[in-house]
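Have a look at protein.cif; it's mmCIF, C-alpha atoms and all ligand atoms:
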```cif
data_upload
#
loop_
_atom_site.label_atom_id
_atom_site.label_comp_id
_atom_site.auth_asym_id
_atom_site.auth_seq_id
_atom_site.Cartn_x
_atom_site.Cartn_y
_atom_site.Cartn_z
CA MET A 94 0.03 -1.35 -7.37
CA CYS A 95 -0.83 0.07 -4.00
CA LEU A 96 -1.60 3.64 -4.93
CA SER A 97 -5.02 5.12 -4.27
CA ILE A 98 -6.02 8.26 -6.12
CA PRO A 99 -8.82 10.79 -5.71
CA ALA A 100 -11.40 10.39 -8.48
CA ARG A 101 -14.83 11.88 -9.22
CA ILE A 102 -17.84 9.69 -9.92
CA VAL A 103 -19.23 10.45 -13.38
CA SER A 104 -21.77 7.66 -13.78
CA ILE A 105 -23.24 4.81 -11.75
CA GLU A 106 -24.75 1.53 -12.85
CA GLY A 107 -25.71 -0.84 -10.07
CA ASN A 108 -22.58 -1.51 -7.99
CA MET A 109 -20.21 -0.15 -10.59
CA ALA A 110 -19.23 3.41 -11.38
CA GLU A 111 -17.17 5.22 -13.93
CA VAL A 112 -14.82 7.62 -12.20
CA SER A 113 -12.59 10.31 -13.58
CA ALA A 114 -9.07 10.93 -12.29
CA GLY A 115 -6.95 13.52 -14.06
CA GLY A 116 -9.09 13.24 -17.18
CA THR A 117 -8.85 9.45 -17.42
CA ILE A 118 -11.93 7.29 -16.88
CA PHE A 119 -11.66 4.16 -14.72
CA LYS A 120 -14.14 1.55 -13.53
CA ALA A 121 -14.71 1.43 -9.79
CA GLY A 122 -16.69 -1.04 -7.67
CA LEU A 123 -18.94 0.83 -5.24
CA HIS A 124 -19.59 -2.18 -3.00
CA MET A 125 -17.93 -0.62 0.05
CA ILE A 126 -19.35 2.90 -0.29
CA GLU A 127 -22.72 3.97 1.01
CA ASP A 128 -24.86 6.59 -0.77
CA ALA A 129 -22.48 7.13 -3.64
CA ARG A 130 -23.68 9.93 -5.91
CA ILE A 131 -22.52 11.34 -9.20
CA GLY A 132 -20.10 14.16 -8.47
CA ASP A 133 -18.80 12.61 -5.23
CA TYR A 134 -15.07 12.27 -4.82
CA ILE A 135 -13.79 8.86 -3.80
CA LEU A 136 -10.42 7.17 -3.37
CA LEU A 137 -9.88 4.68 -6.15
CA HIS A 138 -7.78 1.63 -5.27
CA ALA A 139 -7.26 -1.45 -7.44
CA GLY A 140 -10.64 -1.07 -9.13
CA PHE A 141 -12.71 -0.20 -6.06
CA ALA A 142 -13.84 2.97 -4.34
CA ILE A 143 -12.43 2.42 -0.86
CA GLN A 144 -13.66 5.61 0.81
CA LYS A 145 -15.46 8.86 0.10
CA ILE A 146 -13.43 12.02 0.52
CA SER A 147 -14.99 14.53 2.88
CA GLU A 148 -15.18 18.07 1.46
CA LYS A 149 -15.73 19.46 4.93
CA GLU A 150 -12.65 17.78 6.41
CA ALA A 151 -10.60 18.73 3.36
CA ALA A 152 -11.52 22.38 3.93
CA GLU A 153 -10.61 22.09 7.63
CA THR A 154 -7.19 20.65 6.88
CA LEU A 155 -6.54 23.44 4.40
CA LYS A 156 -7.58 25.96 7.03
CA ILE A 157 -5.17 24.48 9.58
CA LEU A 158 -2.45 24.64 6.95
CA GLU A 159 -3.30 28.27 6.17
CA ASP A 160 -3.25 29.13 9.86
CA MET A 161 0.16 27.53 10.21
CA LYS A 162 1.31 29.60 7.30
CA ASN A 163 0.06 32.81 8.91
CA ALA A 164 1.63 31.87 12.22
CA GLY A 165 4.92 31.51 10.34
CA ASP A 166 4.61 35.13 9.16
CA ASP A 167 4.77 36.51 12.70
CA MET B 236 -7.14 18.89 -9.75
CA LYS B 237 -9.41 18.82 -6.77
CA PHE B 238 -7.95 17.31 -3.57
CA ILE B 239 -4.51 17.41 -5.15
CA ASP B 240 -3.51 20.90 -6.29
CA GLU B 241 -4.58 22.63 -3.05
CA TYR B 242 -2.16 20.44 -1.17
CA ARG B 243 0.74 21.20 -3.51
CA ASN B 244 0.78 24.94 -2.92
CA LYS B 245 4.42 26.01 -3.00
CA ASN B 246 4.02 28.81 -0.48
CA LEU B 247 2.39 26.50 2.01
CA ILE B 248 5.13 23.93 1.49
CA LEU B 249 7.89 26.48 2.19
CA LYS B 250 6.12 27.86 5.26
CA LEU B 251 5.62 24.38 6.67
CA ALA B 252 9.29 23.61 6.07
CA ALA B 253 10.21 26.82 7.93
CA GLN B 254 7.91 25.84 10.78
CA ILE B 255 9.59 22.45 10.99
CA ARG B 256 13.05 24.05 11.15
CA LYS B 257 11.85 26.22 14.03
CA SER B 258 10.41 23.27 15.94
CA VAL B 259 13.32 20.82 15.93
CA LYS B 260 15.19 20.32 19.19
CA ARG B 261 17.14 17.09 18.67
CA ASP B 262 17.62 14.30 16.12
CA TYR B 263 14.50 12.55 14.85
CA THR B 264 14.03 9.37 12.83
CA PHE B 265 10.61 8.82 11.30
CA MET B 266 9.58 5.76 9.34
CA GLU B 267 6.98 5.70 6.60
CA VAL B 268 5.25 2.35 6.20
CA CYS B 269 3.44 2.90 2.95
CA GLY B 270 4.98 2.59 -0.48
CA GLY B 271 2.77 5.48 -1.59
CA HIS B 272 4.49 7.67 0.99
CA THR B 273 7.97 6.46 0.03
CA SER B 274 7.25 7.42 -3.53
CA ALA B 275 5.61 10.78 -2.65
CA ILE B 276 8.40 11.76 -0.22
CA HIS B 277 11.05 11.43 -2.90
CA ARG B 278 8.96 12.66 -5.80
CA PHE B 279 8.24 15.92 -4.00
CA GLY B 280 11.80 16.23 -2.71
CA ILE B 281 10.66 16.30 0.92
CA PRO B 282 14.11 15.32 2.36
CA SER B 283 15.67 18.40 0.75
CA LEU B 284 13.17 20.61 2.61
CA LEU B 285 14.00 19.17 6.02
CA PRO B 286 16.81 20.06 8.41
CA GLU B 287 19.59 17.47 8.68
CA CYS B 288 18.46 16.34 12.11
CA ILE B 289 15.38 14.67 10.58
CA ARG B 290 15.96 11.31 9.00
CA LEU B 291 13.19 9.60 7.05
CA ILE B 292 13.44 5.86 6.55
CA SER B 293 11.24 3.46 4.63
CA GLY B 294 9.59 0.43 6.18
CA PRO B 295 7.75 -2.65 4.92
CA GLY B 296 5.05 -0.70 3.10
CA CYS B 297 5.24 -1.82 -0.49
CA PRO B 298 3.08 -4.93 -0.97
CA VAL B 299 5.08 -6.15 -3.94
CA CYS B 300 8.33 -5.75 -1.96
CA VAL B 301 7.21 -7.62 1.14
CA THR B 302 5.79 -10.56 -0.80
CA GLY B 303 8.23 -13.43 -0.30
CA THR B 304 10.16 -15.25 -3.01
CA GLY B 305 8.28 -18.44 -2.07
CA PHE B 306 5.03 -16.83 -3.25
CA ILE B 307 6.59 -15.82 -6.58
CA ASP B 308 7.91 -19.38 -7.02
CA LYS B 309 4.40 -20.77 -6.51
CA ALA B 310 2.94 -18.27 -8.99
CA ILE B 311 5.58 -19.34 -11.51
CA TYR B 312 4.74 -23.00 -10.88
CA TYR B 313 1.03 -22.43 -11.53
CA SER B 314 1.68 -20.31 -14.61
CA ALA B 315 3.39 -23.30 -16.25
CA ILE B 316 0.23 -25.46 -16.01
CA PRO B 317 -1.45 -25.40 -19.45
CA GLU B 318 -5.03 -25.20 -18.16
CA VAL B 319 -4.21 -22.20 -15.94
CA ILE B 320 -4.62 -18.50 -16.73
CA LEU B 321 -2.70 -16.49 -14.16
CA THR B 322 -3.92 -12.94 -13.49
CA THR B 323 -1.85 -10.39 -11.63
CA PHE B 324 -1.20 -6.73 -10.87
CA GLY B 325 1.55 -5.67 -13.25
CA ASP B 326 4.29 -5.08 -10.68
CA LEU B 327 4.60 -8.75 -9.77
CA MET B 328 5.64 -9.66 -13.30
CA ARG B 329 9.25 -8.62 -12.81
CA VAL B 330 9.86 -9.69 -9.22
CA PRO B 331 12.60 -12.31 -9.28
CA GLY B 332 11.63 -15.79 -8.11
CA SER B 333 14.30 -18.35 -7.21
CA ALA B 334 14.95 -19.21 -10.85
CA THR B 335 12.95 -16.95 -13.13
CA THR B 336 10.20 -14.30 -13.30
CA LEU B 337 6.57 -14.28 -14.42
CA GLU B 338 7.60 -11.95 -17.22
CA LYS B 339 9.98 -14.57 -18.58
CA MET B 340 7.33 -17.29 -18.19
CA LYS B 341 4.93 -15.17 -20.25
CA ALA B 342 7.57 -14.68 -22.94
CA ARG B 343 7.86 -18.47 -23.05
CA GLY B 344 4.14 -18.78 -23.70
CA ALA B 345 2.47 -18.99 -20.26
CA ASP B 346 -0.99 -17.40 -20.22
CA ILE B 347 -0.39 -14.61 -17.71
CA ARG B 348 -2.57 -11.52 -17.86
CA ILE B 349 -2.12 -8.19 -16.14
CA VAL B 350 -5.29 -6.87 -14.52
CA LEU B 351 -6.15 -3.63 -12.73
CA SER B 352 -8.58 -5.26 -10.32
CA SER B 353 -9.70 -8.60 -8.93
CA LEU B 354 -13.10 -8.13 -10.63
CA GLU B 355 -11.36 -8.00 -13.98
CA SER B 356 -9.82 -11.33 -13.14
CA LEU B 357 -13.22 -12.79 -12.28
CA ALA B 358 -14.55 -11.61 -15.65
CA ILE B 359 -11.80 -13.60 -17.35
CA ALA B 360 -12.88 -16.72 -15.41
CA TRP B 361 -16.47 -16.12 -16.53
CA ASP B 362 -15.36 -15.87 -20.17
CA ARG B 363 -13.12 -18.92 -20.04
CA PRO B 364 -14.93 -21.78 -18.22
CA ASP B 365 -12.47 -24.19 -19.86
CA LYS B 366 -9.58 -22.70 -17.84
CA LYS B 367 -8.66 -22.33 -14.19
CA VAL B 368 -8.08 -18.65 -13.48
CA ILE B 369 -5.74 -17.92 -10.59
CA PHE B 370 -5.54 -14.35 -9.30
CA LEU B 371 -2.41 -13.35 -7.37
CA SER B 372 -4.02 -11.57 -4.45
CA ILE B 373 -1.48 -9.49 -2.60
CA GLY B 374 -1.80 -6.16 -0.83
CA PHE B 375 -2.71 -4.70 2.52
CA GLU B 376 -5.98 -3.65 4.18
CA THR B 377 -6.71 -1.41 1.18
CA THR B 378 -6.68 -4.23 -1.36
CA ALA B 379 -8.14 -7.12 0.66
CA PRO B 380 -11.73 -5.74 0.71
CA GLY B 381 -11.81 -5.73 -3.09
CA THR B 382 -10.61 -9.32 -3.19
CA ALA B 383 -13.29 -10.24 -0.65
CA VAL B 384 -15.99 -8.57 -2.77
CA THR B 385 -14.74 -10.54 -5.77
CA VAL B 386 -14.84 -13.88 -3.93
CA LYS B 387 -18.40 -13.12 -2.81
CA GLN B 388 -19.25 -12.23 -6.39
CA ALA B 389 -17.78 -15.54 -7.62
CA GLU B 390 -20.00 -17.34 -5.13
CA LYS B 391 -23.06 -15.39 -6.22
CA GLN B 392 -22.43 -16.04 -9.92
CA ARG B 393 -21.51 -19.67 -9.17
CA ILE B 394 -18.17 -19.30 -10.89
CA THR B 395 -16.15 -22.40 -10.03
CA ASN B 396 -12.98 -21.81 -12.05
CA PHE B 397 -11.75 -18.73 -10.16
CA PHE B 398 -9.07 -19.10 -7.46
CA LEU B 399 -6.75 -16.99 -5.34
CA LEU B 400 -3.08 -17.53 -4.76
CA ASN B 401 -3.33 -15.39 -1.70
CA ALA B 402 -0.80 -13.45 0.37
CA HIS B 403 -2.85 -10.56 1.75
CA LYS B 404 -1.25 -8.88 4.72
CA VAL B 405 -2.17 -6.43 7.46
CA MET B 406 0.12 -3.63 8.55
CA PRO B 407 0.07 -3.12 12.34
CA PRO B 408 1.74 -6.48 13.24
CA ALA B 409 4.61 -5.63 10.87
CA MET B 410 5.07 -2.26 12.59
CA GLU B 411 5.17 -4.08 15.89
CA ALA B 412 7.77 -6.51 14.52
CA ILE B 413 9.91 -3.51 13.57
CA MET B 414 9.62 -2.06 17.07
CA LYS B 415 10.62 -5.41 18.56
CA ASP B 416 13.61 -5.46 16.21
CA ASN B 417 14.89 -2.38 18.08
CA VAL B 418 15.10 -0.20 15.01
CA ASN B 419 15.51 3.31 16.36
CA ILE B 420 12.28 5.09 15.37
CA ASP B 421 10.79 8.22 16.94
CA GLY B 422 7.52 8.11 15.06
CA PHE B 423 5.59 6.54 12.21
CA ILE B 424 4.20 8.32 9.19
CA CYS B 425 1.23 5.96 9.12
CA PRO B 426 -0.37 4.63 5.95
CA GLY B 427 -3.32 6.91 5.18
CA HIS B 428 -5.17 4.56 2.90
CA VAL B 429 -4.83 1.54 5.17
CA ALA B 430 -6.38 3.72 7.87
CA THR B 431 -9.32 4.68 5.62
CA ILE B 432 -10.30 1.02 5.96
CA THR B 433 -9.18 0.16 9.50
CA GLY B 434 -9.72 3.49 11.25
CA PRO B 435 -6.97 4.99 13.43
CA GLY B 436 -7.56 2.56 16.32
CA ALA B 437 -5.65 -0.19 14.49
CA PHE B 438 -2.40 1.64 15.31
CA SER B 439 -3.03 2.49 18.99
CA LEU B 440 -0.86 -0.40 20.14
CA ILE B 441 2.24 1.42 18.90
CA PRO B 442 2.06 4.45 21.21
CA GLU B 443 0.55 2.45 24.05
CA LYS B 444 3.06 -0.38 24.10
CA TYR B 445 6.15 1.18 22.50
CA ARG B 446 5.71 4.88 23.36
CA THR B 447 6.15 5.75 19.70
CA GLY B 448 3.90 8.25 17.93
CA CYS B 449 1.81 7.62 14.83
CA VAL B 450 0.39 10.23 12.49
CA ILE B 451 -1.98 8.99 9.79
CA THR B 452 -0.91 10.90 6.76
CA GLY B 453 -2.17 11.92 3.32
CA PHE B 454 -0.09 11.74 0.17
CA GLU B 455 0.48 15.31 -0.95
CA PRO B 456 3.55 17.33 0.07
CA THR B 457 1.71 19.55 2.56
CA ASP B 458 0.13 16.44 4.12
CA ILE B 459 3.54 14.85 4.65
CA LEU B 460 5.17 18.02 6.02
CA MET B 461 2.24 18.68 8.34
CA SER B 462 2.52 15.14 9.68
CA ILE B 463 6.25 15.48 10.26
CA LEU B 464 5.52 18.62 12.24
CA MET B 465 2.88 16.76 14.27
CA LEU B 466 5.36 13.94 14.97
CA ILE B 467 8.06 16.42 16.04
CA ARG B 468 5.61 17.98 18.49
CA GLN B 469 4.68 14.57 19.88
CA VAL B 470 8.36 13.80 20.47
CA ASN B 471 9.11 17.23 21.95
CA GLN B 472 6.20 16.97 24.35
CA ASN B 473 6.83 13.28 25.04
CA SER B 474 3.19 12.56 24.24
CA PRO B 475 3.06 9.69 21.74
CA ALA B 476 -0.41 9.11 20.32
CA VAL B 477 -2.26 8.20 17.15
CA GLU B 478 -3.20 11.44 15.40
CA VAL B 479 -5.02 11.79 12.11
CA GLN B 480 -3.68 14.35 9.65
CA TYR B 481 -5.55 12.78 6.71
CA SER B 482 -9.00 13.53 8.08
CA ARG B 483 -10.54 14.08 4.65
CA ALA B 484 -10.40 10.33 4.07
CA VAL B 485 -10.02 8.71 7.50
CA THR B 486 -12.99 8.39 9.83
CA VAL B 487 -12.97 7.21 13.42
CA ASN B 488 -14.34 3.76 12.57
CA GLY B 489 -12.76 3.33 9.17
CA ASN B 490 -14.84 1.76 6.44
CA SER B 491 -17.11 -0.71 8.21
CA ALA B 492 -18.64 -2.05 4.99
CA ALA B 493 -15.16 -2.90 3.68
CA LEU B 494 -14.14 -4.52 6.98
CA LYS B 495 -17.32 -6.59 6.96
CA TYR B 496 -16.44 -8.00 3.54
CA VAL B 497 -12.88 -8.75 4.64
CA TYR B 498 -13.83 -10.63 7.80
CA GLU B 499 -16.67 -12.48 6.17
CA VAL B 500 -14.29 -13.98 3.61
CA PHE B 501 -10.90 -13.94 5.38
CA GLU B 502 -9.52 -14.66 8.82
CA PRO B 503 -6.16 -13.69 10.36
CA CYS B 504 -3.21 -16.03 9.87
CA ASP B 505 0.57 -15.96 10.22
CA SER B 506 2.29 -14.61 7.15
CA VAL B 507 5.80 -14.53 5.68
CA TRP B 508 7.25 -11.08 4.96
CA ARG B 509 10.39 -10.51 2.95
CA GLY B 510 13.03 -9.34 5.41
CA LEU B 511 10.89 -9.83 8.50
CA GLY B 512 10.19 -13.56 8.31
CA THR B 513 6.96 -15.03 9.63
CA ILE B 514 4.95 -12.52 11.66
CA PRO B 515 2.10 -13.92 13.77
CA LEU B 516 -1.39 -12.91 12.64
CA SER B 517 -0.08 -10.53 10.01
CA GLY B 518 -1.86 -12.16 7.08
CA LEU B 519 -5.36 -12.98 5.90
CA LYS B 520 -6.41 -16.42 4.69
CA LEU B 521 -9.70 -17.59 3.22
CA ARG B 522 -12.16 -18.86 5.82
CA SER B 523 -13.10 -22.53 5.52
CA ASP B 524 -16.42 -21.58 3.84
CA PHE B 525 -14.43 -20.09 0.99
CA GLU B 526 -11.56 -22.58 0.79
CA ARG B 527 -12.79 -23.79 -2.57
CA TYR B 528 -11.42 -20.54 -3.99
CA ASP B 529 -7.93 -21.18 -2.56
CA ALA B 530 -5.59 -22.30 -5.36
CA GLU B 531 -3.24 -23.95 -2.87
CA LYS B 532 -6.06 -26.05 -1.41
CA VAL B 533 -7.50 -27.07 -4.77
CA MET B 534 -4.16 -27.60 -6.53
CA PRO B 535 -1.64 -28.24 -3.75
CA VAL B 536 1.97 -27.46 -4.52
CA SER B 537 5.15 -28.24 -2.66
CA LEU B 538 8.30 -26.51 -3.81
CA PRO B 539 11.91 -26.42 -2.55
CA GLU B 540 12.91 -23.61 -0.17
CA PRO B 541 13.11 -20.33 -2.11
CA GLU B 542 16.52 -18.94 -2.97
CA ASP B 543 17.25 -15.23 -2.72
CA ASN B 544 20.27 -13.44 -4.10
CA GLU B 545 22.59 -13.29 -1.09
CA LEU B 546 23.89 -9.84 -1.92
CA CYS B 547 20.42 -8.26 -2.18
CA ALA B 548 19.74 -6.19 0.93
CA CYS B 549 15.97 -5.95 0.44
CA GLY B 550 15.34 -7.54 3.83
CA GLU B 551 17.38 -4.89 5.63
CA VAL B 552 15.94 -2.10 3.50
CA LEU B 553 12.41 -3.21 4.42
CA ARG B 554 13.30 -3.26 8.12
CA GLY B 555 14.71 0.24 7.90
CA VAL B 556 18.22 -0.82 8.95
CA LYS B 557 19.82 -0.06 5.57
CA THR B 558 19.17 2.57 2.96
CA PRO B 559 19.07 1.36 -0.65
CA SER B 560 22.41 2.99 -1.42
CA GLU B 561 24.02 0.82 1.28
CA CYS B 562 23.25 -2.27 -0.81
CA PRO B 563 26.32 -3.34 -2.82
CA LEU B 564 24.22 -3.99 -5.91
CA PHE B 565 22.29 -0.70 -5.86
CA ALA B 566 22.55 1.20 -9.14
CA SER B 567 25.37 -1.03 -10.36
CA VAL B 568 23.93 -4.45 -11.10
CA CYS B 569 20.47 -3.69 -9.73
CA ILE B 570 18.60 -1.01 -11.67
CA PRO B 571 14.90 -0.65 -12.56
CA GLY B 572 15.55 -2.21 -15.98
CA ASN B 573 17.26 -5.20 -14.33
CA PRO B 574 15.87 -5.57 -10.82
CA VAL B 575 17.75 -8.05 -8.63
CA GLY B 576 15.39 -7.65 -5.69
CA ALA B 577 11.72 -6.86 -5.23
CA CYS B 578 12.42 -3.37 -3.85
CA MET B 579 13.77 -2.27 -7.26
CA VAL B 580 10.65 -3.43 -9.14
CA SER B 581 7.65 -1.49 -7.96
CA ALA B 582 7.37 2.29 -8.28
CA GLU B 583 6.61 2.23 -4.55
CA GLY B 584 9.68 0.19 -3.68
CA ALA B 585 12.39 2.03 -1.73
CA CYS B 586 15.24 1.04 -4.07
CA ASN B 587 13.27 1.95 -7.19
CA THR B 588 12.26 5.29 -5.69
CA TRP B 589 15.80 6.09 -4.58
CA TYR B 590 17.11 5.24 -8.00
CA ARG B 591 14.64 7.45 -9.82
CA TYR B 592 14.62 10.49 -7.55
CA ARG B 593 17.80 10.57 -5.53
CA MET B 594 20.55 9.47 -7.86
CA ASN B 595 20.90 12.94 -9.36
CA ASN B 596 21.26 14.56 -5.97
CA GLU B 597 23.98 12.33 -4.54
S1 LIG C 601 19.27 -2.34 -4.69
FE1 LIG C 601 18.42 -4.20 -5.63
S2 LIG C 601 19.62 -5.85 -4.78
FE2 LIG C 601 19.94 -4.07 -3.47
S3 LIG C 601 18.40 -4.20 -1.86
FE3 LIG C 601 17.52 -2.98 -3.45
S4 LIG C 601 16.41 -4.45 -4.71
FE4 LIG C 601 17.81 -5.67 -3.46
#
```
As structure tokens - that is how I would like this structure written.
Amino acid sequence: MCLSIPARIVSIEGNMAEVSAGGTIFKAGLHMIEDARIGDYILLHAGFAIQKISEKEAAETLKILEDMKNAGDD
Amino acid sequence: MKFIDEYRNKNLILKLAAQIRKSVKRDYTFMEVCGGHTSAIHRFGIPSLLPECIRLISGPGCPVCVTGTGFIDKAIYYSAIPEVILTTFGDLMRVPGSATTLEKMKARGADIRIVLSSLESLAIAWDRPDKKVIFLSIGFETTAPGTAVTVKQAEKQRITNFFLLNAHKVMPPAMEAIMKDNVNIDGFICPGHVATITGPGAFSLIPEKYRTGCVITGFEPTDILMSILMLIRQVNQNSPAVEVQYSRAVTVNGNSAALKYVYEVFEPCDSVWRGLGTIPLSGLKLRSDFERYDAEKVMPVSLPEPEDNELCACGEVLRGVKTPSECPLFASVCIPGNPVGACMVSAEGACNTWYRYRMNNE
């Protein structure tokens, strides 16, 4: 019950959104998220968006991982 | 899929594993305290990628598992009242109470409904004003904000037949209880989604007071391996700290809107954890302004002391002092189809995870 999954907002009506995760549509309360927009990625947990996922930070983490990988090639 | 596939890159995984093998200098024991991590670690076969000197153990991170038998007994009691509709996350259905389970109560005719969210439960209350709808609210910092939103919504819509049987818990006091228990741990793989709500500061007590490192970790294989590497470095350099690996979802202050909901509706209280007993200030109870939504206040219940199966080692598994396979019932009497203890029920429970992913390798 405690899993949270990344999902993309596909529509918004008031405080509720429809979000898509792996092709399945779920309802998500947006009460805790500021400035939610269609296309944003959020973490879906027990029917609520609990946080937005940052594209910028995601790219940074991937870069660190890539750098580690290159360091391993030395 | 975005935010998933990139972090499952096989090459990256193998390189990280190689990096870990190069970095180890001694034995290390790391504990994960999130059922999502327990499940991910075994699903992705992380232990098989690690050198033998790294031991990963599971802690009290599965909300279904840590919920005490006394709570299940109360839920079963309420489900037997004809005017009650009980609503619950599906996993609780099969957790053994002292005498029976919610699943068996439902088979006998109790009106118990599985919901995916607390709001769904509130909608049932709205539809059925003739019934008292009791939602089993369990879960950690990730789940409590949603429950708080729902209680506020009930107030706004003046819904008076919606109640919580509540056992929400918060994670850091349980981690502290484990440290006090002298379990030998060199670092925590910290629950990434709890930290999206609380922010990393909630864990700073652990390195400060117990000199044990914490890395807040995402849920894909490269996330977990990267965090293990960060923990190894903390140990090697003797510099325990709270570090954030899962920066794409964890901000310095956490989710302040979610925290505002939680502390408007709830306040800290002592709470009973399976295996750990009562831990001070490790739970959340409804504030007096919202007590009218508390099932136990509105319909008080007093039941005999709960009875657990004496052979079930869930308590020790949740404290990290036993692995599931050290339980005498594991995979013999206790299997996912016939769970004897809570840890075999949920997909995030250590025993269930071990059964599904490790049996073939042992
Ligand atoms: S294997 Fe079953 S009986 Fe043993 S500790 Fe796990 S849940 Fe309890």
Environment of ligand LIG 601 (chain C) within 10 Å, counting only C-alpha atoms and all ligand atoms, reported as number ranges by chain: B: 300, 330-331, 543-553, 557-571, 573-581, 584-587, 589-590
Could those residues be written to a file, using C-alpha atoms, as a CSV table (one decimal), in the coordinates of the input?
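Result written to part-v2.csv:
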```
chain,number,residue,atom,x,y,z
B,300,CYS,CA,8.3,-5.8,-2.0
B,330,VAL,CA,9.9,-9.7,-9.2
B,331,PRO,CA,12.6,-12.3,-9.3
B,543,ASP,CA,17.2,-15.2,-2.7
B,544,ASN,CA,20.3,-13.4,-4.1
B,545,GLU,CA,22.6,-13.3,-1.1
B,546,LEU,CA,23.9,-9.8,-1.9
B,547,CYS,CA,20.4,-8.3,-2.2
B,548,ALA,CA,19.7,-6.2,0.9
B,549,CYS,CA,16.0,-6.0,0.4
B,550,GLY,CA,15.3,-7.5,3.8
B,551,GLU,CA,17.4,-4.9,5.6
B,552,VAL,CA,15.9,-2.1,3.5
B,553,LEU,CA,12.4,-3.2,4.4
B,557,LYS,CA,19.8,-0.1,5.6
B,558,THR,CA,19.2,2.6,3.0
B,559,PRO,CA,19.1,1.4,-0.6
B,560,SER,CA,22.4,3.0,-1.4
B,561,GLU,CA,24.0,0.8,1.3
B,562,CYS,CA,23.2,-2.3,-0.8
B,563,PRO,CA,26.3,-3.3,-2.8
B,564,LEU,CA,24.2,-4.0,-5.9
B,565,PHE,CA,22.3,-0.7,-5.9
B,566,ALA,CA,22.6,1.2,-9.1
B,567,SER,CA,25.4,-1.0,-10.4
B,568,VAL,CA,23.9,-4.4,-11.1
B,569,CYS,CA,20.5,-3.7,-9.7
B,570,ILE,CA,18.6,-1.0,-11.7
B,571,PRO,CA,14.9,-0.6,-12.6
B,573,ASN,CA,17.3,-5.2,-14.3
B,574,PRO,CA,15.9,-5.6,-10.8
B,575,VAL,CA,17.8,-8.0,-8.6
B,576,GLY,CA,15.4,-7.6,-5.7
B,577,ALA,CA,11.7,-6.9,-5.2
B,578,CYS,CA,12.4,-3.4,-3.8
B,579,MET,CA,13.8,-2.3,-7.3
B,580,VAL,CA,10.6,-3.4,-9.1
B,581,SER,CA,7.6,-1.5,-8.0
B,584,GLY,CA,9.7,0.2,-3.7
B,585,ALA,CA,12.4,2.0,-1.7
B,586,CYS,CA,15.2,1.0,-4.1
B,587,ASN,CA,13.3,2.0,-7.2
B,589,TRP,CA,15.8,6.1,-4.6
B,590,TYR,CA,17.1,5.2,-8.0
```
6 Å contacts from chain A to chain B using all atoms listed in the file, as a list in words: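 In the required form, that comes to Leu96, Met125, Ala139, Gly140, Ile146, Ser147, Glu150, Ala151 and Lys162 of chain A.
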Option closest in space to Met161 of chain A, from B:Ala389, B:Ile292, B:Ile255, B:Ala530 [counting only C-alpha atoms]: B:Ile255
Selection near segment 102-113 of chain A, 9 Å with only C-alpha atoms, sequence-local residues under 4 positions removed, as a PyMOL selection string: chain A and resi 117-124+129-135+137+141-142
I need the residues from that last selection saved to file as a PDB file, in the coordinates of the input (with C-alpha atoms), if you can.
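Output below, filename result.pdb:
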```pdb
ATOM      1  CA  THR A 117      -8.850   9.450 -17.420  1.00  0.00           C
ATOM      2  CA  ILE A 118     -11.930   7.290 -16.880  1.00  0.00           C
ATOM      3  CA  PHE A 119     -11.660   4.160 -14.720  1.00  0.00           C
ATOM      4  CA  LYS A 120     -14.140   1.550 -13.530  1.00  0.00           C
ATOM      5  CA  ALA A 121     -14.710   1.430  -9.790  1.00  0.00           C
ATOM      6  CA  GLY A 122     -16.690  -1.040  -7.670  1.00  0.00           C
ATOM      7  CA  LEU A 123     -18.940   0.830  -5.240  1.00  0.00           C
ATOM      8  CA  HIS A 124     -19.590  -2.180  -3.000  1.00  0.00           C
ATOM      9  CA  ALA A 129     -22.480   7.130  -3.640  1.00  0.00           C
ATOM     10  CA  ARG A 130     -23.680   9.930  -5.910  1.00  0.00           C
ATOM     11  CA  ILE A 131     -22.520  11.340  -9.200  1.00  0.00           C
ATOM     12  CA  GLY A 132     -20.100  14.160  -8.470  1.00  0.00           C
ATOM     13  CA  ASP A 133     -18.800  12.610  -5.230  1.00  0.00           C
ATOM     14  CA  TYR A 134     -15.070  12.270  -4.820  1.00  0.00           C
ATOM     15  CA  ILE A 135     -13.790   8.860  -3.800  1.00  0.00           C
ATOM     16  CA  LEU A 137      -9.880   4.680  -6.150  1.00  0.00           C
ATOM     17  CA  PHE A 141     -12.710  -0.200  -6.060  1.00  0.00           C
ATOM     18  CA  ALA A 142     -13.840   2.970  -4.340  1.00  0.00           C
TER      19      ALA A 142
END
```
Point-to-point distance from atom CA of Ser293 of chain B to atom CA of Arg554 of chain B, Å rounded to tenths: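 Rounded to one decimal, the two atoms are 7.8 Å apart.
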Length of the atom CA of Gly453 of chain B to atom CA of Ala437 of chain B vector [Å]: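 Interatomic distance here is 16.8 Å.
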Calculate, to one decimal in Å, the centre and edge lengths of the box along x, y and z of the file that holds all listed atoms of segment 106-124 of chain A with 8 Å of margin on each side, and present them as AutoDock Vina command-line options.
```
--center_x -16.3 --center_y 5.7 --center_z -10.2 --size_x 34.8 --size_y 31.7 --size_z 30.4
```
Using all atoms listed in the file: which of B:Ala402, B:Leu516, B:Ile459, B:Ala310 has the shortest distance to Phe279 of chain B: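 For Phe279 of chain B, the nearest of the given residues is B:Ile459.
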Interatomic distance, atom CA of Arg343 of chain B to atom CA of Leu538 of chain B (Å, one decimal): 20.9 Å
Residues near segment 303-306 of chain B, cut-off 9 Å, only C-alpha atoms, skip fewer than 5 positions along chain, as a count of residues only: 20
